[in-house]
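K.L.:
One structure coming up, written as structure tokens, with questions to follow.
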Amino acid sequence: MEFSDLIRTRYSVREYLPNSVGDDTLNRVLEAACLAPTAANRQPFQLIVLHTQGKEKDLQRIYEREWFTRAPLVIFACAVKDQAWTREDGKSYVDVDVAIAMDHLILAATELGLGTCWIGTIDQQAAREILGLPDGVEAVVMTPLGYPADSLPPKERKSLADIVRYERW
Ligand SMILES: Cc1cc2nc3c(=O)[nH]c(=O)nc-3n(C[C@H](O)[C@H](O)[C@H](O)COP(=O)(O)O)c2cc1C
């Protein structure tokens, strides 16, 4: 798929078929995250792949919606804070790195006909407990991964004129 089509095809899928995702397909999606650029190439993230079957109640403690537990898989993108590059003024780029990795993963999934949805509403305490996260590791975003049972809605976006300034603010 052309990149210009890919970014128009991706949308937040909130209805999933029960069909499982094959291991080869899953690995292609995960490999896309490995290829993401990260600040100073620190790669300060870990992905946790969780099979949802039988874990629905646990998952709903992390995010109290049911729809995302109907996908066969959920992937958590976790920040490993002490591995991240930090700018001289103290700003950590860990969230940026995690987001780029997740975006690579999500676009690769889209290319393979899979559905995803960025989810940032993560109950941190529940995630720590259920995923067994050690100190210094944070589940920043997650996505369900499975085959869509809905279809692409129209995109609602600001116009270029609303978001682009030239030369200065
Ligand atoms: C960082 C981030 C966090 C998000 N968190 C949630 C969420 O917690 N629940 C949800 O249903 N959608 C969530 N979304 C999806 C957005 O609502 C969605 O991307 C946006 O409305 C644009 O729609 P589209 O993805 O279909 O293009 C999140 C998206 C991003 C990028």
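Convention: chains lettered A, B, ... in structure tokens order; per-chain residue numbering from 1; ligands numbered from 1 as shown.
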Can you work out which residues are within 8 Å of ligand 1, considering only C-alpha atoms and all ligand atoms, and then hand them over as JSON, numbers by chain?

P.N.:
{"A": [10, 11, 12, 13, 14, 63, 99, 117, 118, 119, 120, 121, 122, 141, 152, 153, 155, 156]}

K.L.:
Which neighbours of Ala108 (chain A) fall inside 9 Å, counting only C-alpha atoms, when residues of the same chain fewer than 4 positions from it are skipped, and could you give them as JSON, numbers by chain?

P.N.:
{"A": [6, 28, 29, 30, 31, 32, 33, 103, 104, 112, 113, 114]}

K.L.:
Write a file of the just-selected residues containing C-alpha atoms, as an mmCIF file, in the first residue's frame.

P.N.:
```cif
data_model
loop_
_atom_site.group_PDB
_atom_site.id
_atom_site.type_symbol
_atom_site.label_atom_id
_atom_site.label_comp_id
_atom_site.auth_asym_id
_atom_site.auth_seq_id
_atom_site.Cartn_x
_atom_site.Cartn_y
_atom_site.Cartn_z
ATOM 1 C CA LEU A 6 -1.880 3.881 4.495
ATOM 2 C CA ARG A 28 5.846 -8.255 11.203
ATOM 3 C CA VAL A 29 3.880 -5.756 13.253
ATOM 4 C CA LEU A 30 6.310 -5.991 16.183
ATOM 5 C CA GLU A 31 9.355 -5.692 13.902
ATOM 6 C CA ALA A 32 8.029 -2.354 12.625
ATOM 7 C CA ALA A 33 8.298 -1.003 16.170
ATOM 8 C CA ASP A 103 3.019 4.609 15.419
ATOM 9 C CA HIS A 104 5.318 2.350 13.366
ATOM 10 C CA LEU A 112 -1.628 -5.933 6.959
ATOM 11 C CA GLY A 113 -5.379 -5.293 7.226
ATOM 12 C CA LEU A 114 -5.391 -5.281 11.019
#
```

K.L.:
Measuring between only C-alpha atoms, which one of A:Leu35, A:Ala109, A:Val80, A:Ile48 shows the shortest distance to Pro148 (chain A)?

P.N.:
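Residue with the minimum atom-to-atom distance to Pro148 (chain A): A:Ala109.
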
K.L.:
Set the distance at 8 Å and use only C-alpha atoms: which residues neighbour Gln43 (chain A) once local chain neighbours fewer than 3 positions away are removed? I'd like the list as an NGL selection string.

P.N.:
:A and (37-39 or 83-84 or 97)

K.L.:
Using backbone DSSP assignments, extract all helix (DSSP H, G or I) residues from region 1-166 of chain A; output them as a compact mmCIF listing (two decimals) with N, CA, C and O atoms, in the first residue's frame.

P.N.:
```txt
# COMPACT_ATOMS: atom_id res chain seq x y z
N PHE A 3 2.19 4.84 1.02
CA PHE A 3 2.15 5.47 2.34
C PHE A 3 0.98 6.46 2.44
O PHE A 3 0.30 6.54 3.47
N SER A 4 0.73 7.18 1.36
CA SER A 4 -0.35 8.18 1.39
C SER A 4 -1.72 7.49 1.60
O SER A 4 -2.60 8.05 2.25
N ASP A 5 -1.86 6.28 1.08
CA ASP A 5 -3.11 5.53 1.31
C ASP A 5 -3.14 4.97 2.73
O ASP A 5 -4.19 4.97 3.39
N LEU A 6 -1.97 4.49 3.16
CA LEU A 6 -1.88 3.88 4.50
C LEU A 6 -2.34 4.85 5.59
O LEU A 6 -3.15 4.50 6.46
N ILE A 7 -1.85 6.09 5.52
CA ILE A 7 -2.20 7.02 6.59
C ILE A 7 -3.65 7.49 6.50
O ILE A 7 -4.21 7.97 7.49
N ARG A 8 -4.25 7.30 5.34
CA ARG A 8 -5.69 7.62 5.23
C ARG A 8 -6.55 6.42 5.63
O ARG A 8 -7.72 6.57 6.00
N THR A 9 -5.98 5.23 5.55
CA THR A 9 -6.72 4.00 5.85
C THR A 9 -6.77 3.72 7.35
O THR A 9 -7.71 3.12 7.86
N ASP A 23 1.07 -15.80 13.96
CA ASP A 23 2.37 -15.42 14.55
C ASP A 23 3.24 -14.62 13.58
O ASP A 23 3.90 -13.67 13.97
N ASP A 24 3.24 -15.01 12.29
CA ASP A 24 4.06 -14.28 11.32
C ASP A 24 3.58 -12.84 11.18
O ASP A 24 4.38 -11.90 11.11
N THR A 25 2.27 -12.71 11.13
CA THR A 25 1.68 -11.37 11.01
C THR A 25 2.04 -10.54 12.25
O THR A 25 2.47 -9.39 12.14
N LEU A 26 1.87 -11.14 13.41
CA LEU A 26 2.20 -10.44 14.66
C LEU A 26 3.67 -10.01 14.64
O LEU A 26 3.99 -8.87 14.99
N ASN A 27 4.55 -10.91 14.23
CA ASN A 27 5.97 -10.57 14.23
C ASN A 27 6.29 -9.42 13.27
O ASN A 27 7.13 -8.57 13.58
N ARG A 28 5.61 -9.37 12.15
CA ARG A 28 5.85 -8.26 11.20
C ARG A 28 5.43 -6.93 11.83
O ARG A 28 6.10 -5.90 11.65
N VAL A 29 4.36 -6.97 12.58
CA VAL A 29 3.88 -5.76 13.25
C VAL A 29 4.89 -5.33 14.34
O VAL A 29 5.25 -4.15 14.46
N LEU A 30 5.38 -6.30 15.09
CA LEU A 30 6.31 -5.99 16.18
C LEU A 30 7.65 -5.50 15.63
O LEU A 30 8.27 -4.59 16.19
N GLU A 31 8.08 -6.10 14.51
CA GLU A 31 9.35 -5.69 13.90
C GLU A 31 9.32 -4.23 13.46
O GLU A 31 10.34 -3.54 13.50
N ALA A 32 8.15 -3.76 13.05
CA ALA A 32 8.03 -2.35 12.63
C ALA A 32 8.38 -1.43 13.80
O ALA A 32 9.01 -0.38 13.61
N ALA A 33 7.98 -1.82 14.99
CA ALA A 33 8.30 -1.00 16.17
C ALA A 33 9.80 -0.99 16.41
O ALA A 33 10.38 0.04 16.78
N CYS A 34 10.45 -2.14 16.18
CA CYS A 34 11.92 -2.22 16.36
C CYS A 34 12.65 -1.27 15.43
O CYS A 34 13.75 -0.82 15.74
N ALA A 39 15.54 8.60 20.30
CA ALA A 39 16.58 9.58 20.64
C ALA A 39 17.86 8.85 21.06
O ALA A 39 17.82 7.97 21.94
N ALA A 40 18.97 9.19 20.40
CA ALA A 40 20.28 8.59 20.64
C ALA A 40 20.25 7.06 20.46
O ALA A 40 21.10 6.36 21.00
N ASN A 41 19.26 6.60 19.74
CA ASN A 41 19.07 5.15 19.46
C ASN A 41 19.02 4.32 20.74
O ASN A 41 19.44 3.15 20.77
N GLU A 56 -10.29 -10.72 30.08
CA GLU A 56 -11.15 -9.57 29.83
C GLU A 56 -11.36 -8.72 31.08
O GLU A 56 -11.31 -7.49 31.04
N LYS A 57 -11.59 -9.38 32.21
CA LYS A 57 -11.88 -8.63 33.44
C LYS A 57 -10.65 -7.84 33.91
O LYS A 57 -10.75 -6.69 34.33
N ASP A 58 -9.47 -8.48 33.82
CA ASP A 58 -8.23 -7.78 34.17
C ASP A 58 -8.06 -6.55 33.28
O ASP A 58 -7.71 -5.47 33.76
N LEU A 59 -8.28 -6.75 31.99
CA LEU A 59 -8.09 -5.64 31.05
C LEU A 59 -9.05 -4.49 31.35
O LEU A 59 -8.68 -3.32 31.24
N GLN A 60 -10.24 -4.83 31.77
CA GLN A 60 -11.21 -3.77 32.08
C GLN A 60 -10.87 -3.04 33.38
O GLN A 60 -11.39 -1.96 33.62
N ARG A 61 -9.99 -3.62 34.17
CA ARG A 61 -9.47 -2.85 35.33
C ARG A 61 -8.46 -1.81 34.83
O ARG A 61 -8.27 -0.78 35.46
N ILE A 62 -7.82 -2.12 33.73
CA ILE A 62 -6.83 -1.18 33.17
C ILE A 62 -7.54 -0.06 32.39
O ILE A 62 -7.16 1.11 32.46
N TRP A 67 -15.08 -3.01 24.60
CA TRP A 67 -14.82 -3.22 23.16
C TRP A 67 -13.39 -3.66 22.87
O TRP A 67 -13.16 -4.51 22.02
N PHE A 68 -12.42 -3.08 23.59
CA PHE A 68 -11.03 -3.39 23.21
C PHE A 68 -10.62 -4.80 23.64
O PHE A 68 -9.68 -5.36 23.10
N THR A 69 -11.38 -5.38 24.57
CA THR A 69 -11.05 -6.75 25.03
C THR A 69 -11.57 -7.79 24.03
O THR A 69 -11.27 -8.97 24.17
N ARG A 70 -12.32 -7.35 23.04
CA ARG A 70 -12.84 -8.30 22.03
C ARG A 70 -11.81 -8.58 20.94
O ARG A 70 -11.94 -9.52 20.18
N LYS A 81 12.20 4.07 31.71
CA LYS A 81 12.62 5.47 31.85
C LYS A 81 14.13 5.65 31.97
O LYS A 81 14.68 6.58 31.40
N ASP A 82 14.80 4.75 32.67
CA ASP A 82 16.25 4.99 32.86
C ASP A 82 17.08 4.63 31.63
O ASP A 82 18.29 4.79 31.63
N GLN A 83 16.43 4.13 30.57
CA GLN A 83 17.17 3.86 29.33
C GLN A 83 17.05 5.01 28.33
O GLN A 83 17.69 4.99 27.28
N VAL A 94 11.47 9.98 26.46
CA VAL A 94 10.95 8.61 26.46
C VAL A 94 9.55 8.50 25.86
O VAL A 94 9.27 7.56 25.11
N ASP A 95 8.68 9.45 26.16
CA ASP A 95 7.31 9.36 25.62
C ASP A 95 7.30 9.54 24.10
O ASP A 95 6.50 8.92 23.40
N VAL A 96 8.20 10.40 23.61
CA VAL A 96 8.31 10.59 22.15
C VAL A 96 8.76 9.28 21.51
O VAL A 96 8.19 8.82 20.52
N ASP A 97 9.78 8.67 22.10
CA ASP A 97 10.29 7.40 21.56
C ASP A 97 9.22 6.32 21.55
O ASP A 97 9.05 5.59 20.56
N VAL A 98 8.50 6.21 22.64
CA VAL A 98 7.44 5.19 22.73
C VAL A 98 6.37 5.47 21.68
O VAL A 98 5.88 4.55 21.01
N ALA A 99 6.03 6.74 21.50
CA ALA A 99 4.96 7.09 20.55
C ALA A 99 5.37 6.77 19.11
O ALA A 99 4.56 6.27 18.32
N ILE A 100 6.63 7.03 18.78
CA ILE A 100 7.08 6.73 17.41
C ILE A 100 7.05 5.21 17.17
O ILE A 100 6.60 4.74 16.12
N ALA A 101 7.52 4.47 18.16
CA ALA A 101 7.51 2.99 18.03
C ALA A 101 6.08 2.49 17.85
O ALA A 101 5.79 1.64 17.00
N MET A 102 5.18 3.04 18.64
CA MET A 102 3.78 2.61 18.55
C MET A 102 3.19 3.01 17.20
O MET A 102 2.41 2.26 16.61
N ASP A 103 3.55 4.17 16.70
CA ASP A 103 3.02 4.61 15.42
C ASP A 103 3.52 3.69 14.29
O ASP A 103 2.74 3.31 13.41
N HIS A 104 4.80 3.32 14.35
CA HIS A 104 5.32 2.35 13.37
C HIS A 104 4.51 1.05 13.43
O HIS A 104 4.09 0.50 12.42
N LEU A 105 4.31 0.58 14.66
CA LEU A 105 3.58 -0.68 14.86
C LEU A 105 2.16 -0.59 14.29
O LEU A 105 1.69 -1.48 13.57
N ILE A 106 1.52 0.51 14.59
CA ILE A 106 0.12 0.70 14.17
C ILE A 106 0.00 0.82 12.66
O ILE A 106 -0.91 0.24 12.04
N LEU A 107 0.94 1.52 12.04
CA LEU A 107 0.87 1.64 10.58
C LEU A 107 1.19 0.31 9.90
O LEU A 107 0.56 -0.04 8.89
N ALA A 108 2.12 -0.45 10.46
CA ALA A 108 2.41 -1.79 9.91
C ALA A 108 1.18 -2.68 10.02
O ALA A 108 0.84 -3.43 9.10
N ALA A 109 0.50 -2.58 11.14
CA ALA A 109 -0.72 -3.38 11.35
C ALA A 109 -1.78 -3.00 10.30
O ALA A 109 -2.44 -3.86 9.72
N THR A 110 -1.90 -1.71 10.06
CA THR A 110 -2.88 -1.22 9.08
C THR A 110 -2.59 -1.79 7.70
O THR A 110 -3.49 -2.23 6.98
N GLU A 111 -1.29 -1.79 7.35
CA GLU A 111 -0.90 -2.31 6.03
C GLU A 111 -1.29 -3.78 5.87
O GLU A 111 -1.60 -4.24 4.77
N GLN A 124 -2.84 3.21 35.87
CA GLN A 124 -1.44 2.81 36.07
C GLN A 124 -1.28 1.76 37.16
O GLN A 124 -0.47 0.85 37.03
N GLN A 125 -2.06 1.90 38.21
CA GLN A 125 -1.92 0.92 39.31
C GLN A 125 -2.34 -0.47 38.85
O GLN A 125 -1.65 -1.47 39.11
N ALA A 126 -3.47 -0.52 38.12
CA ALA A 126 -3.95 -1.82 37.62
C ALA A 126 -2.95 -2.40 36.62
O ALA A 126 -2.65 -3.61 36.65
N ALA A 127 -2.41 -1.56 35.75
CA ALA A 127 -1.45 -2.04 34.74
C ALA A 127 -0.19 -2.59 35.42
O ALA A 127 0.31 -3.65 35.05
N ARG A 128 0.30 -1.88 36.44
CA ARG A 128 1.52 -2.34 37.15
C ARG A 128 1.30 -3.73 37.71
O ARG A 128 2.14 -4.61 37.59
N GLU A 129 0.12 -3.89 38.32
CA GLU A 129 -0.17 -5.15 39.01
C GLU A 129 -0.39 -6.28 37.99
O GLU A 129 0.23 -7.35 38.10
N ILE A 130 -1.22 -6.03 37.01
CA ILE A 130 -1.62 -7.10 36.07
C ILE A 130 -0.46 -7.47 35.13
O ILE A 130 -0.26 -8.65 34.82
N LEU A 131 0.32 -6.47 34.73
CA LEU A 131 1.43 -6.74 33.80
C LEU A 131 2.73 -7.02 34.54
O LEU A 131 3.73 -7.38 33.92
N LEU A 160 -4.90 22.45 7.11
CA LEU A 160 -3.49 22.84 7.12
C LEU A 160 -3.33 24.26 7.63
O LEU A 160 -2.46 24.55 8.44
N ALA A 161 -4.23 25.13 7.17
CA ALA A 161 -4.14 26.54 7.58
C ALA A 161 -4.28 26.69 9.10
O ALA A 161 -3.75 27.62 9.69
N ASP A 162 -4.99 25.76 9.71
CA ASP A 162 -5.18 25.83 11.17
C ASP A 162 -3.95 25.36 11.95
O ASP A 162 -3.81 25.69 13.14
N ILE A 163 -3.11 24.55 11.32
CA ILE A 163 -2.01 23.96 12.12
C ILE A 163 -0.60 24.35 11.66
O ILE A 163 0.36 24.01 12.34
```

K.L.:
Nearest residue to Leu47 (chain A) out of A:Ala139, A:Ala71, A:Ala77, A:Val21, using only C-alpha atoms?

P.N.:
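Closest candidate: A:Ala77.
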
K.L.:
Any idea what the distance is between CA of Met142 (chain A) and CA of Gln53 (chain A)?

P.N.:
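So the two atoms, CA of Met142 (chain A) and CA of Gln53 (chain A), lie 16.6 Å apart.
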
K.L.:
What is the distance between CA of Gly136 (chain A) and CA of Gly90 (chain A), in Å to one decimal?

P.N.:
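The value is 16.4 Å.
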
K.L.:
Enumerate the residues of region 3-168 of chain A with a DSSP assignment of strand (DSSP E), computed from the backbone, and present them as a list in words.

P.N.:
Phe45, Gln46, Leu47, Ile48, Val49, Leu50, His51, Leu73, Val74, Ile75, Phe76, Ala77, Cys78, Ala79, Val80, Val137, Glu138, Ala139, Val140, Val141, Met142, Thr143, Pro144 and Leu145 of chain A

K.L.:
Please measure the separation of CA of Ser92 (chain A) and CA of Leu50 (chain A), giving the value in Å to one decimal.

P.N.:
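Calculated distance between CA of Ser92 (chain A) and CA of Leu50 (chain A) is 27.4 Å.
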